[in-house]
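Dropping protein26.cif in here (mmCIF, C-alpha atoms and all ligand atoms):
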data_entry
loop_
_atom_site.group_PDB
_atom_site.id
_atom_site.type_symbol
_atom_site.label_atom_id
_atom_site.label_comp_id
_atom_site.auth_asym_id
_atom_site.auth_seq_id
_atom_site.Cartn_x
_atom_site.Cartn_y
_atom_site.Cartn_z
ATOM 1 C CA MET A 1 0.000 0.000 0.000
ATOM 2 C CA ARG A 2 2.870 2.358 0.709
ATOM 3 C CA PHE A 3 3.888 2.049 -2.934
ATOM 4 C CA ALA A 4 0.352 2.711 -4.149
ATOM 5 C CA LEU A 5 0.143 5.797 -1.963
ATOM 6 C CA GLU A 6 3.437 7.042 -3.322
ATOM 7 C CA VAL A 7 2.162 6.565 -6.846
ATOM 8 C CA LEU A 8 -0.968 8.506 -5.882
ATOM 9 C CA ILE A 9 1.231 11.333 -4.588
ATOM 10 C CA ASP A 10 2.939 11.501 -7.999
ATOM 11 C CA ILE A 11 -0.428 11.411 -9.759
ATOM 12 C CA GLN A 12 -1.709 14.238 -7.624
ATOM 13 C CA GLU A 13 1.343 16.315 -8.557
ATOM 14 C CA ILE A 14 0.546 15.708 -12.211
ATOM 15 C CA ASP A 15 -3.112 16.588 -11.661
ATOM 16 C CA LYS A 16 -2.094 19.848 -10.013
ATOM 17 C CA GLN A 17 0.075 20.714 -12.995
ATOM 18 C CA LEU A 18 -2.709 19.825 -15.412
ATOM 19 C CA ALA A 19 -5.029 22.137 -13.463
ATOM 20 C CA LEU A 20 -2.436 24.924 -13.691
ATOM 21 C CA LEU A 21 -2.219 24.455 -17.455
ATOM 22 C CA GLU A 22 -5.982 24.832 -17.699
ATOM 23 C CA LYS A 23 -5.783 27.957 -15.587
ATOM 24 C CA ALA A 24 -2.971 29.430 -17.703
ATOM 25 C CA LYS A 25 -5.110 29.666 -20.802
ATOM 26 C CA GLY A 26 -8.225 30.476 -18.801
ATOM 27 C CA ASN A 27 -8.146 34.252 -19.103
ATOM 28 C CA LEU A 28 -6.849 34.634 -22.664
ATOM 29 C CA PRO A 29 -9.808 33.373 -24.719
ATOM 30 C CA GLN A 30 -12.080 35.798 -22.887
ATOM 31 C CA LYS A 31 -9.656 38.671 -23.431
ATOM 32 C CA VAL A 32 -9.482 37.916 -27.153
ATOM 33 C CA ARG A 33 -13.292 37.861 -27.311
ATOM 34 C CA GLU A 34 -13.550 41.179 -25.473
ATOM 35 C CA ILE A 35 -11.013 42.971 -27.667
ATOM 36 C CA SER A 36 -12.682 41.600 -30.814
ATOM 37 C CA SER A 37 -16.023 42.934 -29.711
ATOM 38 C CA ASP A 38 -14.617 46.382 -28.773
ATOM 39 C CA LEU A 39 -12.782 46.503 -32.068
ATOM 40 C CA SER A 40 -15.818 45.744 -34.186
ATOM 41 C CA GLN A 41 -17.728 48.420 -32.285
ATOM 42 C CA LEU A 42 -15.031 50.987 -33.103
ATOM 43 C CA GLU A 43 -14.937 49.878 -36.714
ATOM 44 C CA THR A 44 -18.681 50.403 -37.007
ATOM 45 C CA GLU A 45 -18.309 53.861 -35.506
ATOM 46 C CA LEU A 46 -15.527 54.599 -37.968
ATOM 47 C CA GLU A 47 -17.680 53.541 -40.913
ATOM 48 C CA GLU A 48 -20.503 55.758 -39.692
ATOM 49 C CA LYS A 49 -18.167 58.746 -39.447
ATOM 50 C CA ARG A 50 -16.813 58.108 -42.922
ATOM 51 C CA ALA A 51 -20.349 57.984 -44.295
ATOM 52 C CA LEU A 52 -21.054 61.242 -42.479
ATOM 53 C CA VAL A 53 -18.061 62.899 -44.165
ATOM 54 C CA GLU A 54 -19.382 61.827 -47.568
ATOM 55 C CA GLU A 55 -22.820 63.133 -46.741
ATOM 56 C CA THR A 56 -21.418 66.447 -45.520
ATOM 57 C CA THR A 57 -19.220 66.724 -48.600
ATOM 58 C CA ALA A 58 -22.272 66.297 -50.833
ATOM 59 C CA LYS A 59 -24.125 68.983 -48.869
ATOM 60 C CA LEU A 60 -21.098 71.237 -49.104
ATOM 61 C CA LYS A 61 -20.865 70.795 -52.869
ATOM 62 C CA LYS A 62 -24.536 71.612 -53.309
ATOM 63 C CA ALA A 63 -24.232 74.723 -51.125
ATOM 64 C CA GLU A 64 -21.146 75.804 -53.106
ATOM 65 C CA ASN A 65 -22.963 75.314 -56.416
ATOM 66 C CA ASP A 66 -26.004 77.204 -55.148
ATOM 67 C CA LEU A 67 -23.708 79.938 -53.886
ATOM 68 C CA ALA A 68 -22.023 80.263 -57.260
ATOM 69 C CA SER A 69 -25.338 80.497 -59.048
ATOM 70 C CA SER A 70 -26.670 83.055 -56.539
ATOM 71 C CA LYS A 71 -23.546 85.111 -57.067
ATOM 72 C CA GLY A 72 -24.117 84.894 -60.804
ATOM 73 C CA LYS A 73 -27.688 86.097 -60.365
ATOM 74 C CA LEU A 74 -26.556 88.984 -58.167
ATOM 75 C CA GLN A 75 -24.069 90.060 -60.801
ATOM 76 C CA LYS A 76 -26.776 89.903 -63.435
ATOM 77 C CA TYR A 77 -29.174 92.040 -61.340
ATOM 78 C CA GLN A 78 -26.432 94.526 -60.566
ATOM 79 C CA GLN A 79 -25.844 94.970 -64.296
ATOM 80 C CA GLN A 80 -29.578 95.288 -64.908
ATOM 81 C CA LEU A 81 -29.615 98.120 -62.401
ATOM 82 C CA TYR A 82 -27.651 100.261 -64.891
ATOM 83 C CA GLN A 83 -30.164 99.609 -67.618
ATOM 84 C CA VAL A 84 -33.419 100.327 -65.759
ATOM 85 C CA LYS A 85 -35.532 103.125 -67.149
ATOM 86 C CA THR A 86 -38.303 103.533 -64.590
ATOM 87 C CA ASN A 87 -38.484 103.724 -60.831
ATOM 88 C CA LYS A 88 -40.739 100.708 -60.831
ATOM 89 C CA GLU A 89 -38.136 98.687 -62.711
ATOM 90 C CA TYR A 90 -35.433 99.981 -60.342
ATOM 91 C CA ASP A 91 -37.430 98.871 -57.298
ATOM 92 C CA ALA A 92 -38.079 95.462 -58.805
ATOM 93 C CA VAL A 93 -34.383 94.855 -59.518
ATOM 94 C CA THR A 94 -33.405 96.151 -56.063
ATOM 95 C CA VAL A 95 -35.764 93.620 -54.493
ATOM 96 C CA GLU A 96 -34.091 90.877 -56.530
ATOM 97 C CA ILE A 97 -30.647 92.095 -55.451
ATOM 98 C CA ASP A 98 -31.661 92.101 -51.774
ATOM 99 C CA SER A 99 -33.061 88.631 -52.004
ATOM 100 C CA ALA A 100 -29.959 87.357 -53.875
ATOM 101 C CA GLU A 101 -27.708 88.899 -51.205
ATOM 102 C CA GLN A 102 -29.716 87.255 -48.445
ATOM 103 C CA GLU A 103 -29.497 83.955 -50.258
ATOM 104 C CA ILE A 104 -25.708 84.390 -50.605
ATOM 105 C CA ASP A 105 -25.376 85.095 -46.856
ATOM 106 C CA ARG A 106 -27.421 82.042 -46.030
ATOM 107 C CA LEU A 107 -25.399 79.823 -48.391
ATOM 108 C CA GLU A 108 -22.058 81.163 -47.221
ATOM 109 C CA PHE A 109 -23.069 80.320 -43.684
ATOM 110 C CA GLN A 110 -24.113 76.861 -44.824
ATOM 111 C CA VAL A 111 -20.758 76.317 -46.534
ATOM 112 C CA LEU A 112 -18.880 77.370 -43.388
ATOM 113 C CA GLU A 113 -21.027 75.146 -41.237
ATOM 114 C CA ALA A 114 -20.529 72.144 -43.508
ATOM 115 C CA GLU A 115 -16.774 72.718 -43.647
ATOM 116 C CA GLU A 116 -16.523 72.947 -39.878
ATOM 117 C CA SER A 117 -18.624 69.866 -39.340
ATOM 118 C CA ARG A 118 -16.560 67.947 -41.905
ATOM 119 C CA ASN A 119 -13.305 68.989 -40.217
ATOM 120 C CA ASN A 120 -14.608 67.877 -36.839
ATOM 121 C CA THR A 121 -15.686 64.536 -38.216
ATOM 122 C CA ARG A 122 -12.330 64.067 -39.924
ATOM 123 C CA GLU A 123 -10.541 64.719 -36.638
ATOM 124 C CA LYS A 124 -12.719 62.093 -34.985
ATOM 125 C CA ILE A 125 -11.897 59.699 -37.805
ATOM 126 C CA ASP A 126 -8.152 60.226 -37.268
ATOM 127 C CA GLU A 127 -8.632 59.547 -33.588
ATOM 128 C CA LEU A 128 -10.705 56.434 -34.246
ATOM 129 C CA GLU A 129 -8.251 55.138 -36.830
ATOM 130 C CA LYS A 130 -5.433 55.376 -34.296
ATOM 131 C CA LYS A 131 -7.518 53.576 -31.700
ATOM 132 C CA VAL A 132 -8.499 50.869 -34.157
ATOM 133 C CA GLN A 133 -4.867 50.394 -35.127
ATOM 134 C CA THR A 134 -3.759 50.041 -31.511
ATOM 135 C CA MET A 135 -6.599 47.682 -30.793
ATOM 136 C CA ARG A 136 -5.857 45.534 -33.822
ATOM 137 C CA ALA A 137 -2.258 45.178 -32.678
ATOM 138 C CA ASP A 138 -3.461 44.353 -29.184
ATOM 139 C CA LEU A 139 -5.817 41.732 -30.560
ATOM 140 C CA GLU A 140 -3.094 40.179 -32.695
ATOM 141 C CA GLU A 141 -0.759 40.035 -29.725
ATOM 142 C CA ASN A 142 -3.355 38.377 -27.511
ATOM 143 C CA LYS A 143 -4.321 35.944 -30.245
ATOM 144 C CA LYS A 144 -0.696 34.995 -30.677
ATOM 145 C CA MET A 145 -0.287 34.589 -26.927
ATOM 146 C CA LEU A 146 -3.360 32.402 -26.820
ATOM 147 C CA GLU A 147 -2.110 30.272 -29.701
ATOM 148 C CA ASN A 148 1.286 29.933 -28.063
ATOM 149 C CA THR A 149 -0.247 29.069 -24.737
ATOM 150 C CA LEU A 150 -2.561 26.550 -26.348
ATOM 151 C CA GLY A 151 0.399 25.062 -28.195
ATOM 152 C CA GLU A 152 2.531 24.862 -25.086
ATOM 153 C CA THR A 153 -0.358 23.694 -22.971
ATOM 154 C CA ARG A 154 -1.219 21.004 -25.454
ATOM 155 C CA HIS A 155 2.338 19.751 -25.556
ATOM 156 C CA ALA A 156 2.841 19.861 -21.792
ATOM 157 C CA GLY A 157 -0.613 18.449 -21.209
ATOM 158 C CA GLU A 158 0.015 15.497 -23.509
ATOM 159 C CA LYS A 159 3.298 14.766 -21.769
ATOM 160 C CA LEU A 160 1.677 14.895 -18.344
ATOM 161 C CA SER A 161 -1.267 12.743 -19.393
ATOM 162 C CA LYS A 162 1.084 10.146 -20.800
ATOM 163 C CA LYS A 163 3.032 10.057 -17.551
ATOM 164 C CA ARG A 164 -0.215 9.869 -15.605
ATOM 165 C CA ASN A 165 -1.386 6.884 -17.637
ATOM 166 C CA GLU A 166 1.912 5.123 -17.011
ATOM 167 C CA LEU A 167 1.542 5.678 -13.268
ATOM 168 C CA LEU A 168 -2.053 4.449 -13.288
ATOM 169 C CA LYS A 169 -0.835 1.046 -14.459
ATOM 170 C CA ASN A 170 0.641 0.551 -10.980
ATOM 171 C CA LEU A 171 -2.678 0.978 -9.232
ATOM 172 C CA SER A 172 -5.691 -1.248 -8.739
ATOM 173 C CA LYS A 173 -8.994 -0.144 -10.225
ATOM 174 C CA PRO A 174 -10.687 0.475 -6.840
ATOM 175 C CA ILE A 175 -7.861 2.772 -5.733
ATOM 176 C CA ILE A 176 -7.998 4.680 -9.002
ATOM 177 C CA SER A 177 -11.738 5.143 -8.795
ATOM 178 C CA THR A 178 -11.534 6.163 -5.124
ATOM 179 C CA TYR A 179 -8.851 8.704 -5.944
ATOM 180 C CA ASP A 180 -10.792 10.100 -8.919
ATOM 181 C CA ARG A 181 -14.046 10.264 -6.998
ATOM 182 C CA ILE A 182 -12.479 12.284 -4.168
ATOM 183 C CA ARG A 183 -10.496 14.443 -6.606
ATOM 184 C CA ILE A 184 -13.617 15.409 -8.537
ATOM 185 C CA GLY A 185 -15.610 16.040 -5.358
ATOM 186 C CA ARG A 186 -12.814 18.016 -3.675
ATOM 187 C CA HIS A 187 -11.752 20.635 -6.221
ATOM 188 C CA GLY A 188 -9.032 18.490 -7.743
ATOM 189 C CA ILE A 189 -7.224 17.597 -4.510
ATOM 190 C CA ALA A 190 -7.789 14.033 -3.349
ATOM 191 C CA LEU A 191 -4.768 13.646 -1.077
ATOM 192 C CA ALA A 192 -4.081 15.511 2.134
ATOM 193 C CA LEU A 193 -0.961 15.422 4.217
ATOM 194 C CA LEU A 194 -0.867 14.545 7.842
ATOM 195 C CA LYS A 195 0.986 17.628 9.023
ATOM 196 C CA ASN A 196 1.503 18.874 12.570
ATOM 197 C CA GLY A 197 -1.186 16.479 13.690
ATOM 198 C CA SER A 198 -3.772 17.903 11.308
ATOM 199 C CA CYS A 199 -5.178 17.413 7.813
ATOM 200 C CA SER A 200 -3.185 19.761 5.552
ATOM 201 C CA GLU A 201 -6.242 20.566 3.438
ATOM 202 C CA CYS A 202 -9.016 21.185 5.962
ATOM 203 C CA SER A 203 -6.959 21.545 9.193
ATOM 204 C CA ALA A 204 -9.024 18.953 11.031
ATOM 205 C CA ARG A 205 -7.129 17.472 13.985
ATOM 206 C CA ILE A 206 -6.135 13.845 13.562
ATOM 207 C CA PRO A 207 -6.218 11.769 16.756
ATOM 208 C CA PRO A 208 -2.656 10.719 17.714
ATOM 209 C CA GLN A 209 -3.454 7.009 17.490
ATOM 210 C CA ARG A 210 -4.833 7.494 13.965
ATOM 211 C CA ALA A 211 -1.824 9.672 13.094
ATOM 212 C CA MET A 212 0.523 6.878 14.028
ATOM 213 C CA GLU A 213 -1.355 4.484 11.784
ATOM 214 C CA ILE A 214 -1.334 6.960 8.925
ATOM 215 C CA ARG A 215 2.443 7.333 9.231
ATOM 216 C CA MET A 216 2.807 3.628 8.579
ATOM 217 C CA MET A 217 1.134 4.146 5.168
ATOM 218 C CA ASN A 218 -0.115 0.575 5.255
ATOM 219 C CA ARG A 219 -3.671 1.283 4.198
ATOM 220 C CA LEU A 220 -5.988 4.054 3.100
ATOM 221 C CA PHE A 221 -7.120 6.458 5.796
ATOM 222 C CA TYR A 222 -9.582 9.214 5.119
ATOM 223 C CA CYS A 223 -9.861 12.583 6.785
ATOM 224 C CA GLU A 224 -13.090 12.444 8.767
ATOM 225 C CA VAL A 225 -13.889 16.043 7.915
ATOM 226 C CA CYS A 226 -12.984 16.558 4.241
ATOM 227 C CA GLY A 227 -12.913 12.917 3.186
ATOM 228 C CA ARG A 228 -9.508 13.116 1.498
ATOM 229 C CA ILE A 229 -6.989 10.315 1.571
ATOM 230 C CA LEU A 230 -4.448 11.076 4.292
ATOM 231 C CA ILE A 231 -0.800 10.468 3.557
ATOM 232 C CA TRP A 232 2.386 11.255 5.386
ATOM 233 C CA LYS A 233 5.648 12.687 4.172
ATOM 234 C CA GLN A 234 8.274 12.783 6.847
ATOM 235 C CA GLU A 235 10.109 15.670 5.188
ATOM 236 C CA GLU A 236 6.953 17.813 5.204
ATOM 237 C CA ASP A 237 5.943 17.138 8.767
ATOM 238 C CA SER A 238 7.453 18.874 11.774
ATOM 239 C CA PRO A 239 8.993 16.584 14.372
ATOM 240 C CA ILE A 240 5.817 16.687 16.412
ATOM 241 C CA VAL A 241 5.957 12.937 16.949
ATOM 242 C CA GLU A 242 7.590 13.271 20.356
ATOM 243 C CA ASN A 243 4.945 15.695 21.632
ATOM 244 C CA GLU A 244 2.196 13.418 20.462
ATOM 245 C CA LYS A 245 3.732 10.535 22.292
ATOM 246 C CA THR A 246 3.772 12.474 25.541
ATOM 247 C CA THR A 247 0.111 13.447 25.185
ATOM 248 C CA GLU A 248 -0.994 9.910 24.536
HETATM 249 ZN ZN ZN A 301 -9.312 17.020 5.847
#

In structure tokens, write the structure found in this file.
Amino acid sequence: MRFALEVLIDIQEIDKQLALLEKAKGNLPQKVREISSDLSQLETELEEKRALVEETTAKLKKAENDLASSKGKLQKYQQQLYQVKTNKEYDAVTVEIDSAEQEIDRLEFQVLEAEESRNNTREKIDELEKKVQTMRADLEENKKMLENTLGETRHAGEKLSKKRNELLKNLSKPIISTYDRIRIGRHGIALALLKNGSCSECSARIPPQRAMEIRMMNRLFYCEVCGRILIWKQEEDSPIVENEKTTE
């Protein structure tokens, strides 16, 4: 039984390492997902801003065309003013000139407004493009890290599993199933050390008589509180043996 327990100790070490490998990749897939989602949000925003620039440019062009034609009209009316013969004609042309001037003011304002809005949007686009670029690099880096980790994990994991399978060959089926049952029920840790007179996992006190038996490692003993298999490693225990003997 001592040999079987020692094999179980090795298996538990392997199981701990396998759990660490799982943990190592744990955070990265989520991070990659998060960055991807943020990135696509920014890209959508960028597309919207670009569409807005096109829209504003079209508005600007129309206002500029209208402005040019209003200016043409104004020029025409101003020339007509020299050719009028009656007061009535003069008044009529003056009204046209006033209205053309008002239209020109309105259009000039529109052109300015469109230009300003387009400049603002372009600045936002520059900003967004920089952000998108940084985020893309960040995403690539995290993806690469994830791939590397998965690669390493896979390799290390395969090696560990192979070793584990080799070790399992030394154990009887009931011991294996007992170990696995406790491991699954106890967050991956099926073995506990007898240490300083207590269970190393749940700190329950072990009666001295029981402790002595556990130290022999002749059969399976379970912690009465957490149910784990209790083992003893002399090098990990403090020399409490003498004290225990005196309290017996
Ligand atoms: Zn315990």

Applying 10 Å and only C-alpha atoms, which residues near Lys131 (chain A) remain after dropping the ones on its own chain fewer than 5 positions away? List them as a PDB file with C-alpha atoms, in the frame of the given file.
ATOM      1  CA  LEU A  39     -12.782  46.503 -32.068  1.00  0.00           C
ATOM      2  CA  LEU A  42     -15.031  50.987 -33.103  1.00  0.00           C
ATOM      3  CA  GLU A  43     -14.937  49.878 -36.714  1.00  0.00           C
ATOM      4  CA  ILE A 125     -11.897  59.699 -37.805  1.00  0.00           C
ATOM      5  CA  ASP A 126      -8.152  60.226 -37.268  1.00  0.00           C
ATOM      6  CA  ARG A 136      -5.857  45.534 -33.822  1.00  0.00           C
ATOM      7  CA  ALA A 137      -2.258  45.178 -32.678  1.00  0.00           C
TER       8      ALA A 137
END

Counting only C-alpha atoms, find the residues whose atoms lie at most 12 Å from (0.9, 7.5, 7.1) (file coordinates) and write them out as an MDAnalysis selection string.
chainID A and resid 1:3 5:6 191:195 197 199 206 208:223 229:234 237

When you look at region 68-80 of chain A with a cut-off of 8 Å (counting all atoms listed in the file), what residues show up, excluding the ones that are within fewer than 6 positions of it in the same chain? I need them as a PyMOL selection string.
chain A and resi 93-94+96-97+100-101+103-104

Could you state which residues are captured by the PyMOL selection byres (((chain A and resi 24) around 12) and not hetatm) in this file, as a PDB file with C-alpha atoms, in the coordinates of the input?
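Saved the output as expr.pdb:
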ATOM      1  CA  GLN A  17       0.075  20.714 -12.995  1.00  0.00           C
ATOM      2  CA  LEU A  18      -2.709  19.825 -15.412  1.00  0.00           C
ATOM      3  CA  ALA A  19      -5.029  22.137 -13.463  1.00  0.00           C
ATOM      4  CA  LEU A  20      -2.436  24.924 -13.691  1.00  0.00           C
ATOM      5  CA  LEU A  21      -2.219  24.455 -17.455  1.00  0.00           C
ATOM      6  CA  GLU A  22      -5.982  24.832 -17.699  1.00  0.00           C
ATOM      7  CA  LYS A  23      -5.783  27.957 -15.587  1.00  0.00           C
ATOM      8  CA  LYS A  25      -5.110  29.666 -20.802  1.00  0.00           C
ATOM      9  CA  GLY A  26      -8.225  30.476 -18.801  1.00  0.00           C
ATOM     10  CA  ASN A  27      -8.146  34.252 -19.103  1.00  0.00           C
ATOM     11  CA  LEU A  28      -6.849  34.634 -22.664  1.00  0.00           C
ATOM     12  CA  PRO A  29      -9.808  33.373 -24.719  1.00  0.00           C
ATOM     13  CA  MET A 145      -0.287  34.589 -26.927  1.00  0.00           C
ATOM     14  CA  LEU A 146      -3.360  32.402 -26.820  1.00  0.00           C
ATOM     15  CA  ASN A 148       1.286  29.933 -28.063  1.00  0.00           C
ATOM     16  CA  THR A 149      -0.247  29.069 -24.737  1.00  0.00           C
ATOM     17  CA  LEU A 150      -2.561  26.550 -26.348  1.00  0.00           C
ATOM     18  CA  GLY A 151       0.399  25.062 -28.195  1.00  0.00           C
ATOM     19  CA  GLU A 152       2.531  24.862 -25.086  1.00  0.00           C
ATOM     20  CA  THR A 153      -0.358  23.694 -22.971  1.00  0.00           C
ATOM     21  CA  ARG A 154      -1.219  21.004 -25.454  1.00  0.00           C
ATOM     22  CA  ALA A 156       2.841  19.861 -21.792  1.00  0.00           C
ATOM     23  CA  GLY A 157      -0.613  18.449 -21.209  1.00  0.00           C
TER      24      GLY A 157
END

All residues within 6 Å of ligand ZN 301 (chain A) are required, counting only C-alpha atoms and all ligand atoms; please report them as JSON, numbers by chain.
{"A": [199, 201, 202, 204, 223, 225, 226, 228]}

Start from the incomplete input, build N, CA and C atoms for region 14-44 of chain A, and deliver everything as an mmCIF file, in the coordinates of the input.
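As a result, rebuild06.cif now contains:
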data_model
loop_
_atom_site.group_PDB
_atom_site.id
_atom_site.type_symbol
_atom_site.label_atom_id
_atom_site.label_comp_id
_atom_site.auth_asym_id
_atom_site.auth_seq_id
_atom_site.Cartn_x
_atom_site.Cartn_y
_atom_site.Cartn_z
ATOM 1 N N ILE A 14 0.866 15.544 -10.790
ATOM 2 C CA ILE A 14 0.546 15.708 -12.211
ATOM 3 C C ILE A 14 -0.810 16.398 -12.370
ATOM 4 N N ASP A 15 -1.779 15.985 -11.566
ATOM 5 C CA ASP A 15 -3.112 16.588 -11.661
ATOM 6 C C ASP A 15 -3.076 18.075 -11.321
ATOM 7 N N LYS A 16 -2.220 18.431 -10.354
ATOM 8 C CA LYS A 16 -2.094 19.848 -10.013
ATOM 9 C C LYS A 16 -1.526 20.632 -11.193
ATOM 10 N N GLN A 17 -0.528 20.035 -11.848
ATOM 11 C CA GLN A 17 0.075 20.714 -12.995
ATOM 12 C C GLN A 17 -0.904 20.835 -14.147
ATOM 13 N N LEU A 18 -1.691 19.775 -14.347
ATOM 14 C CA LEU A 18 -2.709 19.825 -15.412
ATOM 15 C C LEU A 18 -3.720 20.942 -15.116
ATOM 16 N N ALA A 19 -4.076 21.080 -13.836
ATOM 17 C CA ALA A 19 -5.029 22.137 -13.463
ATOM 18 C C ALA A 19 -4.415 23.507 -13.723
ATOM 19 N N LEU A 20 -3.111 23.652 -13.448
ATOM 20 C CA LEU A 20 -2.436 24.924 -13.691
ATOM 21 C C LEU A 20 -2.424 25.260 -15.176
ATOM 22 N N LEU A 21 -2.218 24.242 -16.004
ATOM 23 C CA LEU A 21 -2.219 24.455 -17.455
ATOM 24 C C LEU A 21 -3.581 24.967 -17.909
ATOM 25 N N GLU A 22 -4.625 24.378 -17.365
ATOM 26 C CA GLU A 22 -5.982 24.832 -17.699
ATOM 27 C C GLU A 22 -6.154 26.294 -17.316
ATOM 28 N N LYS A 23 -5.635 26.614 -16.124
ATOM 29 C CA LYS A 23 -5.783 27.957 -15.587
ATOM 30 C C LYS A 23 -5.012 28.968 -16.449
ATOM 31 N N ALA A 24 -3.841 28.524 -16.941
ATOM 32 C CA ALA A 24 -2.971 29.430 -17.703
ATOM 33 C C ALA A 24 -3.657 29.982 -18.932
ATOM 34 N N LYS A 25 -4.445 29.162 -19.601
ATOM 35 C CA LYS A 25 -5.110 29.666 -20.802
ATOM 36 C C LYS A 25 -6.461 30.292 -20.461
ATOM 37 N N GLY A 26 -6.887 30.065 -19.206
ATOM 38 C CA GLY A 26 -8.225 30.476 -18.801
ATOM 39 C C GLY A 26 -8.635 31.884 -19.185
ATOM 40 N N ASN A 27 -7.774 32.850 -18.956
ATOM 41 C CA ASN A 27 -8.146 34.252 -19.103
ATOM 42 C C ASN A 27 -8.045 34.738 -20.557
ATOM 43 N N LEU A 28 -7.140 34.128 -21.322
ATOM 44 C CA LEU A 28 -6.849 34.634 -22.664
ATOM 45 C C LEU A 28 -8.001 34.540 -23.667
ATOM 46 N N PRO A 29 -8.712 33.418 -23.738
ATOM 47 C CA PRO A 29 -9.808 33.373 -24.719
ATOM 48 C C PRO A 29 -10.826 34.479 -24.490
ATOM 49 N N GLN A 30 -11.098 34.755 -23.214
ATOM 50 C CA GLN A 30 -12.080 35.798 -22.887
ATOM 51 C C GLN A 30 -11.561 37.165 -23.319
ATOM 52 N N LYS A 31 -10.261 37.385 -23.070
ATOM 53 C CA LYS A 31 -9.656 38.671 -23.431
ATOM 54 C C LYS A 31 -9.742 38.876 -24.942
ATOM 55 N N VAL A 32 -9.434 37.831 -25.691
ATOM 56 C CA VAL A 32 -9.482 37.916 -27.153
ATOM 57 C C VAL A 32 -10.915 38.249 -27.597
ATOM 58 N N ARG A 33 -11.889 37.597 -26.964
ATOM 59 C CA ARG A 33 -13.292 37.861 -27.311
ATOM 60 C C ARG A 33 -13.649 39.322 -27.024
ATOM 61 N N GLU A 34 -13.207 39.807 -25.865
ATOM 62 C CA GLU A 34 -13.550 41.179 -25.473
ATOM 63 C C GLU A 34 -12.953 42.204 -26.439
ATOM 64 N N ILE A 35 -11.660 42.016 -26.763
ATOM 65 C CA ILE A 35 -11.013 42.971 -27.667
ATOM 66 C C ILE A 35 -11.695 42.923 -29.035
ATOM 67 N N SER A 36 -12.015 41.729 -29.507
ATOM 68 C CA SER A 36 -12.682 41.600 -30.814
ATOM 69 C C SER A 36 -13.982 42.385 -30.831
ATOM 70 N N SER A 37 -14.724 42.263 -29.758
ATOM 71 C CA SER A 37 -16.023 42.934 -29.711
ATOM 72 C C SER A 37 -15.844 44.455 -29.654
ATOM 73 N N ASP A 38 -14.892 44.935 -28.834
ATOM 74 C CA ASP A 38 -14.617 46.382 -28.773
ATOM 75 C C ASP A 38 -14.163 46.897 -30.133
ATOM 76 N N LEU A 39 -13.324 46.099 -30.778
ATOM 77 C CA LEU A 39 -12.782 46.503 -32.068
ATOM 78 C C LEU A 39 -13.885 46.643 -33.112
ATOM 79 N N SER A 40 -14.788 45.674 -33.147
ATOM 80 C CA SER A 40 -15.818 45.744 -34.186
ATOM 81 C C SER A 40 -16.758 46.918 -33.913
ATOM 82 N N GLN A 41 -16.913 47.257 -32.623
ATOM 83 C CA GLN A 41 -17.728 48.420 -32.285
ATOM 84 C C GLN A 41 -17.080 49.707 -32.823
ATOM 85 N N LEU A 42 -15.765 49.804 -32.611
ATOM 86 C CA LEU A 42 -15.031 50.987 -33.103
ATOM 87 C C LEU A 42 -15.053 51.056 -34.625
ATOM 88 N N GLU A 43 -14.941 49.901 -35.251
ATOM 89 C CA GLU A 43 -14.937 49.878 -36.714
ATOM 90 C C GLU A 43 -16.285 50.334 -37.273
ATOM 91 N N THR A 44 -17.353 49.949 -36.596
ATOM 92 C CA THR A 44 -18.681 50.403 -37.007
ATOM 93 C C THR A 44 -18.779 51.918 -36.878
#
